[in-house]
>>> print(open('structure-v2.tsv').read())   # TSV, C-alpha atoms and all ligand atoms
chain	number	residue	atom	x	y	z
A	480	MET	CA	-2.90	10.89	-10.17
A	481	VAL	CA	-4.21	9.46	-6.95
A	482	VAL	CA	-1.58	8.55	-4.35
A	483	ILE	CA	-2.57	5.51	-2.27
A	484	PRO	CA	-0.02	4.29	0.29
A	485	VAL	CA	-0.61	1.04	2.15
A	486	ILE	CA	0.43	1.63	5.76
A	487	SER	CA	0.26	0.17	9.27
A	488	SER	CA	1.94	0.66	12.61
A	489	LYS	CA	2.27	-3.11	13.08
A	490	GLY	CA	4.38	-5.44	10.97
A	491	GLY	CA	3.19	-8.55	9.17
A	492	VAL	CA	-0.44	-7.46	8.84
A	493	GLY	CA	-0.58	-7.88	5.06
A	494	LYS	CA	0.54	-4.51	3.65
A	495	THR	CA	2.59	-5.98	0.81
A	496	THR	CA	-0.05	-8.62	0.06
A	497	VAL	CA	-2.84	-6.04	-0.04
A	498	ALA	CA	-0.79	-3.49	-2.02
A	499	ALA	CA	0.29	-6.05	-4.63
A	500	ASN	CA	-3.09	-7.66	-5.13
A	501	LEU	CA	-5.00	-4.37	-5.17
A	502	CYS	CA	-2.62	-3.22	-7.91
A	503	THR	CA	-3.42	-6.15	-10.18
A	504	ALA	CA	-7.16	-6.10	-9.31
A	505	LEU	CA	-7.34	-2.38	-10.14
A	506	ALA	CA	-5.40	-2.92	-13.39
A	507	ALA	CA	-7.84	-5.72	-14.29
A	508	ARG	CA	-10.61	-3.12	-13.93
A	509	GLY	CA	-9.06	-0.90	-16.57
A	510	GLN	CA	-7.05	1.39	-14.29
A	511	GLN	CA	-3.53	2.57	-15.03
A	512	VAL	CA	-1.55	1.48	-11.99
A	513	PHE	CA	1.93	2.48	-10.83
A	514	ALA	CA	3.21	0.33	-7.94
A	515	ILE	CA	6.04	1.82	-5.88
A	516	ASP	CA	7.94	-0.26	-3.36
A	517	LEU	CA	9.00	2.17	-0.63
A	518	ASP	CA	10.08	-0.64	1.71
A	519	PRO	CA	13.75	-1.72	1.94
A	520	GLN	CA	12.51	-5.34	2.07
A	521	ASN	CA	11.99	-4.88	-1.71
A	522	ALA	CA	9.32	-7.58	-1.56
A	523	LEU	CA	6.56	-6.21	-3.78
A	524	ARG	CA	8.41	-7.72	-6.74
A	525	PHE	CA	7.79	-11.26	-5.48
A	526	HIS	CA	4.04	-10.72	-5.72
A	527	ILE	CA	3.69	-8.93	-9.05
A	528	ALA	CA	6.89	-8.40	-11.06
A	529	ASN	CA	7.03	-10.25	-14.37
A	530	ASP	CA	10.61	-11.10	-13.43
A	531	PRO	CA	11.19	-10.72	-9.65
A	532	HIS	CA	14.89	-11.38	-10.10
A	533	ALA	CA	15.31	-8.37	-12.38
A	534	CYS	CA	14.47	-5.90	-9.59
A	535	ASP	CA	17.86	-5.44	-7.96
A	536	THR	CA	18.10	-1.81	-9.09
A	537	GLY	CA	15.23	0.56	-8.44
A	538	LEU	CA	14.01	3.59	-6.55
A	539	VAL	CA	17.13	4.27	-4.49
A	540	ASP	CA	19.43	4.07	-7.52
A	541	ALA	CA	17.20	6.45	-9.46
A	542	ALA	CA	16.68	8.81	-6.50
A	543	THR	CA	20.45	9.09	-6.02
A	544	GLY	CA	21.07	9.74	-9.72
A	545	GLN	CA	22.79	6.43	-10.49
A	546	ILE	CA	20.26	5.39	-13.14
A	547	PRO	CA	17.49	7.25	-15.00
A	548	TRP	CA	13.99	6.89	-13.48
A	549	ALA	CA	12.67	5.29	-16.67
A	550	SER	CA	15.14	2.40	-16.46
A	551	ALA	CA	14.19	1.72	-12.80
A	552	ILE	CA	10.60	0.81	-13.78
A	553	ARG	CA	9.77	-2.85	-14.42
A	554	PRO	CA	6.78	-4.50	-16.09
A	555	ALA	CA	4.46	-6.34	-13.71
A	556	HIS	CA	1.38	-8.59	-13.99
A	557	GLY	CA	-1.69	-7.17	-15.67
A	558	GLY	CA	0.12	-4.18	-17.16
A	559	VAL	CA	1.06	-2.67	-13.78
A	560	MET	CA	4.27	-0.59	-13.80
A	561	LEU	CA	6.51	-1.45	-10.85
A	562	LEU	CA	9.20	0.70	-9.30
A	563	PRO	CA	11.07	-1.67	-6.96
A	564	PHE	CA	12.98	-0.32	-3.97
A	565	GLY	CA	16.08	-2.13	-5.23
A	566	ASP	CA	18.59	-4.25	-3.38
A	567	VAL	CA	20.38	-1.73	-1.24
A	568	ASP	CA	23.11	-2.44	1.31
A	569	ASP	CA	22.84	-1.15	4.89
A	570	GLU	CA	25.15	1.84	4.39
A	571	ARG	CA	23.36	3.15	1.30
A	572	GLN	CA	20.02	2.58	2.99
A	573	ILE	CA	21.06	4.70	5.98
A	574	VAL	CA	22.32	7.52	3.75
A	575	PHE	CA	19.09	7.41	1.71
A	576	GLU	CA	16.97	7.49	4.87
A	577	GLN	CA	18.97	10.47	6.17
A	578	GLN	CA	18.20	12.28	2.91
A	579	LEU	CA	14.50	11.48	3.29
A	580	ALA	CA	14.55	12.74	6.89
A	581	ARG	CA	16.05	16.04	5.74
A	582	HIS	CA	13.51	16.45	2.95
A	583	PRO	CA	10.12	15.15	4.19
A	584	THR	CA	8.26	16.22	1.02
A	585	TRP	CA	10.69	14.53	-1.37
A	586	LEU	CA	8.19	11.86	-2.46
A	587	ALA	CA	5.32	14.31	-3.01
A	588	GLU	CA	7.57	16.57	-5.08
A	589	THR	CA	9.11	13.70	-7.04
A	590	LEU	CA	5.69	12.23	-7.93
A	591	ALA	CA	4.50	15.66	-9.05
A	592	ARG	CA	7.57	15.97	-11.29
A	593	PHE	CA	6.81	12.61	-12.94
A	594	ALA	CA	3.71	14.24	-14.51
A	595	LEU	CA	1.89	10.89	-14.59
A	596	PRO	CA	-1.19	10.44	-16.79
A	597	ASP	CA	-4.48	11.82	-15.46
A	598	GLY	CA	-6.24	9.42	-13.15
A	599	MET	CA	-3.28	7.09	-12.70
A	600	LEU	CA	-3.41	5.21	-9.39
A	601	VAL	CA	-0.09	5.21	-7.52
A	602	LEU	CA	0.01	2.49	-4.86
A	603	LEU	CA	2.93	2.42	-2.44
A	604	ASP	CA	4.09	-0.39	-0.17
A	605	THR	CA	5.73	0.73	3.07
A	606	PRO	CA	7.53	-0.81	6.04
A	607	PRO	CA	5.69	-0.92	9.40
A	608	GLY	CA	5.79	1.77	12.05
A	609	PRO	CA	6.89	5.38	12.27
A	610	THR	CA	9.68	5.41	9.67
A	611	VAL	CA	10.96	8.08	7.29
A	612	TYR	CA	9.05	6.20	4.59
A	613	LEU	CA	5.77	6.65	6.47
A	614	GLN	CA	6.56	10.35	6.92
A	615	GLN	CA	7.01	10.65	3.17
A	616	VAL	CA	3.85	8.82	2.10
A	617	LEU	CA	1.61	10.57	4.63
A	618	ARG	CA	2.60	13.93	3.10
A	619	ALA	CA	1.75	12.70	-0.42
A	620	ALA	CA	-1.34	10.54	0.25
A	621	ASN	CA	-4.78	11.14	-1.23
A	622	LEU	CA	-6.16	8.01	0.41
A	623	CYS	CA	-4.44	5.61	2.85
A	624	VAL	CA	-5.18	1.88	2.75
A	625	ILE	CA	-4.67	0.48	6.25
A	626	PRO	CA	-4.61	-3.32	6.69
A	627	ALA	CA	-5.15	-4.65	10.23
A	628	LEU	CA	-5.42	-8.19	11.55
A	629	ALA	CA	-8.54	-9.23	13.41
A	630	ASP	CA	-6.56	-9.71	16.62
A	631	ALA	CA	-6.21	-7.85	19.89
A	632	GLY	CA	-2.67	-6.65	19.09
A	633	SER	CA	-3.68	-5.05	15.81
A	634	PHE	CA	-6.79	-3.52	17.38
A	635	ALA	CA	-4.70	-2.01	20.19
A	636	THR	CA	-2.25	-0.36	17.78
A	637	LEU	CA	-4.87	1.23	15.49
A	638	PRO	CA	-4.75	4.58	17.36
A	639	ILE	CA	-1.04	4.96	16.54
A	640	ILE	CA	-1.59	5.00	12.78
A	641	GLU	CA	-4.83	6.98	13.18
A	642	ARG	CA	-2.95	9.75	15.00
A	643	MET	CA	-0.39	9.94	12.19
A	644	VAL	CA	-3.12	10.13	9.53
A	645	ASP	CA	-4.96	12.78	11.58
A	646	LYS	CA	-1.79	14.84	11.81
A	647	TYR	CA	-0.47	14.69	8.25
A	648	CYS	CA	-3.35	13.74	5.94
A	649	ARG	CA	-6.78	14.77	7.21
A	650	PRO	CA	-6.08	18.50	7.38
A	651	ARG	CA	-5.37	18.51	3.62
A	652	PRO	CA	-8.36	19.15	1.31
A	653	ASP	CA	-7.00	16.62	-1.19
A	654	TYR	CA	-7.20	13.75	1.35
A	655	ALA	CA	-10.14	11.48	0.60
A	656	GLY	CA	-10.02	9.48	3.85
A	657	SER	CA	-8.67	6.13	5.00
A	658	ALA	CA	-9.68	2.68	3.79
A	659	TYR	CA	-9.24	-0.15	6.29
A	660	VAL	CA	-8.87	-3.78	5.25
A	661	VAL	CA	-9.31	-6.32	8.03
A	662	ASN	CA	-7.03	-9.18	7.07
A	663	GLN	CA	-6.84	-12.88	7.92
A	664	VAL	CA	-10.45	-12.95	9.06
A	665	ASP	CA	-11.38	-16.48	10.16
A	666	PRO	CA	-15.06	-16.78	11.05
A	667	GLY	CA	-14.40	-20.24	12.55
A	668	LYS	CA	-12.33	-18.75	15.39
A	669	ARG	CA	-14.40	-17.17	18.14
A	670	LEU	CA	-11.89	-14.55	19.29
A	671	ASN	CA	-11.05	-13.56	15.70
A	672	HIS	CA	-14.77	-13.17	14.99
A	673	ASP	CA	-15.33	-11.05	18.12
A	674	VAL	CA	-12.37	-8.75	17.38
A	675	PHE	CA	-13.53	-8.42	13.78
A	676	GLU	CA	-16.98	-7.33	15.00
A	677	MET	CA	-15.38	-4.69	17.27
A	678	MET	CA	-13.27	-3.45	14.37
A	679	ARG	CA	-16.27	-3.33	12.07
A	680	GLN	CA	-18.13	-1.10	14.54
A	681	ARG	CA	-15.13	1.09	15.15
A	682	LEU	CA	-13.93	1.54	11.55
A	683	ARG	CA	-17.25	2.03	9.84
A	684	PRO	CA	-17.67	3.92	7.46
A	685	GLU	CA	-13.99	3.74	6.48
A	686	LEU	CA	-13.90	-0.08	6.36
A	687	LEU	CA	-13.04	-1.00	2.76
A	688	GLY	CA	-13.52	-4.73	3.22
A	689	VAL	CA	-12.11	-7.95	4.59
A	690	LEU	CA	-9.55	-10.43	3.38
A	691	HIS	CA	-10.26	-13.86	4.81
A	692	LEU	CA	-7.51	-16.15	6.04
A	693	ASP	CA	-6.86	-18.17	2.90
A	694	GLN	CA	-3.99	-20.51	2.06
A	695	SER	CA	-4.07	-19.39	-1.55
A	696	VAL	CA	-2.48	-16.10	-0.37
A	697	PRO	CA	0.88	-17.51	0.79
A	698	GLU	CA	0.75	-20.13	-1.97
A	699	ALA	CA	0.40	-17.41	-4.62
A	700	LEU	CA	3.40	-15.62	-3.10
A	701	ALA	CA	5.41	-18.84	-3.20
A	702	SER	CA	4.56	-19.07	-6.91
A	703	ALA	CA	5.41	-15.36	-7.41
A	704	VAL	CA	2.03	-14.49	-8.94
A	705	PRO	CA	-0.98	-12.42	-7.80
A	706	VAL	CA	-3.69	-14.37	-5.94
A	707	HIS	CA	-6.27	-14.04	-8.73
A	708	ARG	CA	-3.80	-15.60	-11.17
A	709	TYR	CA	-2.94	-18.47	-8.79
A	710	ALA	CA	-6.45	-19.20	-7.48
A	711	PRO	CA	-9.10	-17.31	-9.48
A	712	MET	CA	-12.01	-18.94	-7.65
A	713	SER	CA	-10.64	-18.50	-4.11
A	714	GLN	CA	-12.22	-16.54	-1.30
A	715	ALA	CA	-9.17	-14.24	-1.26
A	716	THR	CA	-9.62	-13.42	-4.97
A	717	GLN	CA	-13.27	-12.50	-4.31
A	718	ASP	CA	-12.32	-10.40	-1.27
A	719	ILE	CA	-9.62	-8.48	-3.15
A	720	ALA	CA	-11.97	-7.86	-6.09
A	721	SER	CA	-14.56	-6.44	-3.73
A	722	CYS	CA	-11.98	-4.19	-2.01
A	723	ALA	CA	-10.76	-2.94	-5.42
A	724	GLU	CA	-14.31	-2.12	-6.50
A	725	ARG	CA	-15.06	-0.26	-3.28
A	726	LEU	CA	-11.78	1.62	-3.59
A	727	LEU	CA	-12.77	2.78	-7.08
A	728	GLU	CA	-16.16	3.89	-5.71
A	729	ARG	CA	-14.41	5.87	-2.97
A	730	ILE	CA	-12.11	7.52	-5.51
A	731	ALA	CA	-15.02	8.36	-7.82
A	732	ALA	CA	-16.99	9.84	-4.90
A	733	ALA	CA	-13.99	11.92	-3.81
A	734	ARG	CA	-13.56	13.27	-7.34
A	735	GLN	CA	-17.17	14.48	-7.27
A	736	ALA	CA	-16.65	16.27	-3.95
A	737	PRO	CA	-16.16	20.06	-4.03
A	738	SER	CA	-12.61	19.85	-2.64
A	739	SER	CA	-11.53	17.19	-5.09
A	740	MET	CA	-8.46	15.05	-4.46
A	741	GLU	CA	-6.87	16.32	-7.61
A	742	SER	CA	-7.70	19.97	-7.11
A	743	THR	CA	-4.39	20.77	-5.45
A	744	ARG	CA	-2.22	18.75	-7.80
B	801	LIG	N1	-5.41	-13.31	4.04
B	801	LIG	C1	-4.30	-14.04	4.24
B	801	LIG	N2	-4.39	-15.38	4.39
B	801	LIG	C2	-3.28	-16.13	4.61
B	801	LIG	N3	-2.03	-15.62	4.71
B	801	LIG	C3	-1.89	-14.29	4.57
B	801	LIG	C4	-3.00	-13.43	4.33
B	801	LIG	N4	-2.54	-12.16	4.23
B	801	LIG	C5	-1.21	-12.21	4.39
B	801	LIG	N5	-0.81	-13.49	4.60
B	801	LIG	C6	0.58	-13.94	4.82
B	801	LIG	O1	1.07	-13.22	5.95
B	801	LIG	C7	2.44	-12.92	5.76
B	801	LIG	C8	2.67	-11.43	5.97
B	801	LIG	O2	2.04	-10.72	4.92
B	801	LIG	P1	2.72	-9.43	4.27
B	801	LIG	O3	4.13	-9.69	3.94
B	801	LIG	O4	1.82	-8.96	3.20
B	801	LIG	O5	2.66	-8.44	5.53
B	801	LIG	P2	3.33	-7.00	5.66
B	801	LIG	O6	2.41	-6.15	6.49
B	801	LIG	O7	3.70	-6.49	4.33
B	801	LIG	O8	4.66	-7.33	6.48
B	801	LIG	P3	5.84	-6.31	6.82
B	801	LIG	O9	5.34	-5.44	7.94
B	801	LIG	O10	6.99	-7.19	7.22
B	801	LIG	O11	6.12	-5.53	5.56
B	801	LIG	C9	2.82	-13.41	4.37
B	801	LIG	O12	3.44	-14.66	4.47
B	801	LIG	C10	1.48	-13.53	3.66
B	801	LIG	O13	1.49	-14.53	2.64
B	802	MG	MG	5.53	-5.77	3.66
>>> encode(input="structure-v2.tsv", output="C-alpha cells", more="lines below")
Ligand SMILES: Nc1ncnc2c1ncn2[C@@H]1O[C@H](COP(=O)(O)OP(=O)(O)OP(=O)(O)O)[C@@H](O)[C@H]1O
Ligand SMILES: [Mg+2]
Amino acid sequence: MVVIPVISSKGGVGKTTVAANLCTALAARGQQVFAIDLDPQNALRFHIANDPHACDTGLVDAATGQIPWASAIRPAHGGVMLLPFGDVDDERQIVFEQQLARHPTWLAETLARFALPDGMLVLLDTPPGPTVYLQQVLRAANLCVIPALADAGSFATLPIIERMVDKYCRPRPDYAGSAYVVNQVDPGKRLNHDVFEMMRQRLRPELLGVLHLDQSVPEALASAVPVHRYAPMSQATQDIASCAERLLERIAAARQAPSSMESTR
C-alpha cells in the first residue's frame, strides 16, 4: 500500500476537495483506492460517498471496538472504499484524541494490520494545523499531498508544514517526497498570479500541479458528487486528472528507486 495524506497548516485551502477528487480520479485510472476521513468534520462523505447520509458511524466507532472495521467502510463513487470519521460528539472526540496522543503510531500500525492489497492507494483527509491527526499521518505517510492557495497567507505558512514533514517523514527511506497542489489559481488576478509564480519557483520540483478557481468545484460539492461527474469538461476536471497522472508517475518512480516506498512495509 501507499499511504498518501492530504495535509496543510492552514484551513480552507482545499484539502478535502483535493483528497476526494484525487481518489475518484485515481480510481478512474484503474487504481484500488481506500479513502480515510481522519478529520472530525467528517466531510469527505459529501464529496464521494454513494450515500453521504449513511456515514454516521465510522473510524472512531471501529477504533474504539464498537463496530467491526469491515462494517465501518462505505462504498463511494468510482469503486473507492470510504472509511468516514463518523459523527462523533465532543466528549468522544476528546477521548479519541487523547488515545491518539498517547499512541502516535496507532494509524501506521492499524493500516499495517489491515493487510491491504498490494499497491492499494490509501488517501487520508486531515484537519488543518498541528493536530494529533497530523502527528498520526506524518508517521505513516509515503507521500504527502499539500494543497496551498495562491495567496500571501498560504505562502507565509508553508514553512510550518514543511518543518513537520522534514521532522517526521523525510528521514524515513520509505518517504517518496511531498506533492504540492496550488489551489484556486486565478490567472486573471494580478496578485494571485504573482504569488503563484513565487510558489512555482519555490516548490519546484515537488509541485504536483494546479487547481484553478472554478465554480464547478463548490457546485459539485453541493450536488454531493466528484467534480468530474458534475462537470466532466471543466477546467477543474482537467486539473485534477493531470494531478492524478503526475501522482501516479511519482509513485511509479519511487517504486523503481533503490529504497522503495514499500520496502519497509
Ligand atoms: N479550485 C476551487 N475552485 C473553487 N472553489 C474551491 C476550489 N477548491 C476548493 N474550493 C472551495 O473552497 C472551500 C474549502 O475547500 P475544502 O473544504 O476542500 O478545504 P479544506 O482545506 O478541506 O478545509 P478545512 O481546513 O476546513 O478542512 C469549499 O467550499 C470548496 O468547494
Ligand atoms: Mg477539509
>>> residues_near_ligand(input="structure-v2.tsv", ligand="ligand MG 802 (chain B)", cutoff="8 Å", atoms="all atoms listed in the file", output="list in words")
Gly490, Gly491, Gly493, Lys494, Thr495, Thr496, Asp518, Gln520, Ala522, Leu523, Asp604, Thr605, Pro606 and Pro607 of chain A
>>> closest_residue(input="structure-v2.tsv", among="A:Ala699, A:Ile573, A:Leu692, A:Met712", to="ligand LIG 801 (chain B)", atoms="all atoms listed in the file")
A:Leu692
>>> residues_near_ligand(input="structure-v2.tsv", ligand="ligand LIG 801 (chain B)", cutoff="10 Å", atoms="all atoms listed in the file", output="PyMOL selection string")
chain A and resi 485-500+518-523+526+604-608+625-628+661-665+689-701+714-716+718-719
>>> atom_distance(input="structure-v2.tsv", atom1="CA of Arg725 (chain A)", atom2="CA of Glu676 (chain A)")
19.7 Å
>>> atom_distance(input="structure-v2.tsv", atom1="CA of Ala507 (chain A)", atom2="CA of Trp548 (chain A)")
25.2 Å
>>> build_atoms(input="structure-v2.tsv", residues="region 577-596 of chain A", atoms="N, CA, C and O atoms", output="compact mmCIF listing (two decimals), in the frame of the given file")
# COMPACT_ATOMS: atom_id res chain seq x y z
N GLN A 577 18.59 9.15 5.64
CA GLN A 577 18.97 10.47 6.17
C GLN A 577 18.52 11.57 5.21
O GLN A 577 18.04 12.62 5.63
N GLN A 578 18.65 11.29 3.91
CA GLN A 578 18.20 12.28 2.91
C GLN A 578 16.69 12.48 3.01
O GLN A 578 16.20 13.61 2.96
N LEU A 579 15.96 11.37 3.18
CA LEU A 579 14.50 11.48 3.29
C LEU A 579 14.13 12.27 4.55
O LEU A 579 13.21 13.09 4.52
N ALA A 580 14.85 12.04 5.63
CA ALA A 580 14.55 12.74 6.89
C ALA A 580 14.77 14.25 6.74
O ALA A 580 14.02 15.05 7.30
N ARG A 581 15.77 14.61 5.94
CA ARG A 581 16.05 16.04 5.74
C ARG A 581 15.05 16.70 4.79
O ARG A 581 14.91 17.91 4.80
N HIS A 582 14.39 15.90 3.99
CA HIS A 582 13.51 16.45 2.95
C HIS A 582 12.18 15.68 2.98
O HIS A 582 11.92 14.85 2.12
N PRO A 583 11.33 15.98 3.96
CA PRO A 583 10.12 15.15 4.19
C PRO A 583 9.12 15.18 3.04
O PRO A 583 8.25 14.31 2.98
N THR A 584 9.21 16.17 2.14
CA THR A 584 8.26 16.22 1.02
C THR A 584 8.89 15.73 -0.28
O THR A 584 8.36 15.98 -1.36
N TRP A 585 10.00 15.01 -0.17
CA TRP A 585 10.69 14.53 -1.37
C TRP A 585 9.77 13.69 -2.25
O TRP A 585 9.70 13.88 -3.47
N LEU A 586 9.04 12.76 -1.65
CA LEU A 586 8.19 11.86 -2.46
C LEU A 586 7.09 12.65 -3.17
O LEU A 586 6.87 12.47 -4.37
N ALA A 587 6.41 13.52 -2.42
CA ALA A 587 5.32 14.31 -3.01
C ALA A 587 5.86 15.12 -4.19
O ALA A 587 5.24 15.17 -5.26
N GLU A 588 7.00 15.74 -4.00
CA GLU A 588 7.57 16.57 -5.08
C GLU A 588 8.03 15.71 -6.26
O GLU A 588 7.85 16.09 -7.42
N THR A 589 8.62 14.57 -5.97
CA THR A 589 9.11 13.70 -7.04
C THR A 589 7.94 13.17 -7.86
O THR A 589 7.98 13.17 -9.10
N LEU A 590 6.86 12.73 -7.20
CA LEU A 590 5.69 12.23 -7.93
C LEU A 590 5.10 13.34 -8.80
O LEU A 590 4.69 13.09 -9.94
N ALA A 591 5.05 14.54 -8.27
CA ALA A 591 4.50 15.66 -9.05
C ALA A 591 5.36 15.89 -10.30
O ALA A 591 4.83 16.15 -11.38
N ARG A 592 6.67 15.75 -10.14
CA ARG A 592 7.57 15.97 -11.29
C ARG A 592 7.42 14.90 -12.37
O ARG A 592 7.68 15.14 -13.53
N PHE A 593 6.98 13.69 -11.95
CA PHE A 593 6.81 12.61 -12.94
C PHE A 593 5.74 12.95 -13.97
O PHE A 593 5.72 12.38 -15.06
N ALA A 594 4.82 13.87 -13.62
CA ALA A 594 3.71 14.24 -14.51
C ALA A 594 3.03 12.99 -15.08
O ALA A 594 2.97 12.79 -16.29
N LEU A 595 2.53 12.16 -14.19
CA LEU A 595 1.89 10.89 -14.59
C LEU A 595 0.56 11.17 -15.28
O LEU A 595 -0.03 12.23 -15.08
N PRO A 596 0.08 10.21 -16.09
CA PRO A 596 -1.19 10.44 -16.79
C PRO A 596 -2.34 10.71 -15.81
O PRO A 596 -2.34 10.20 -14.69
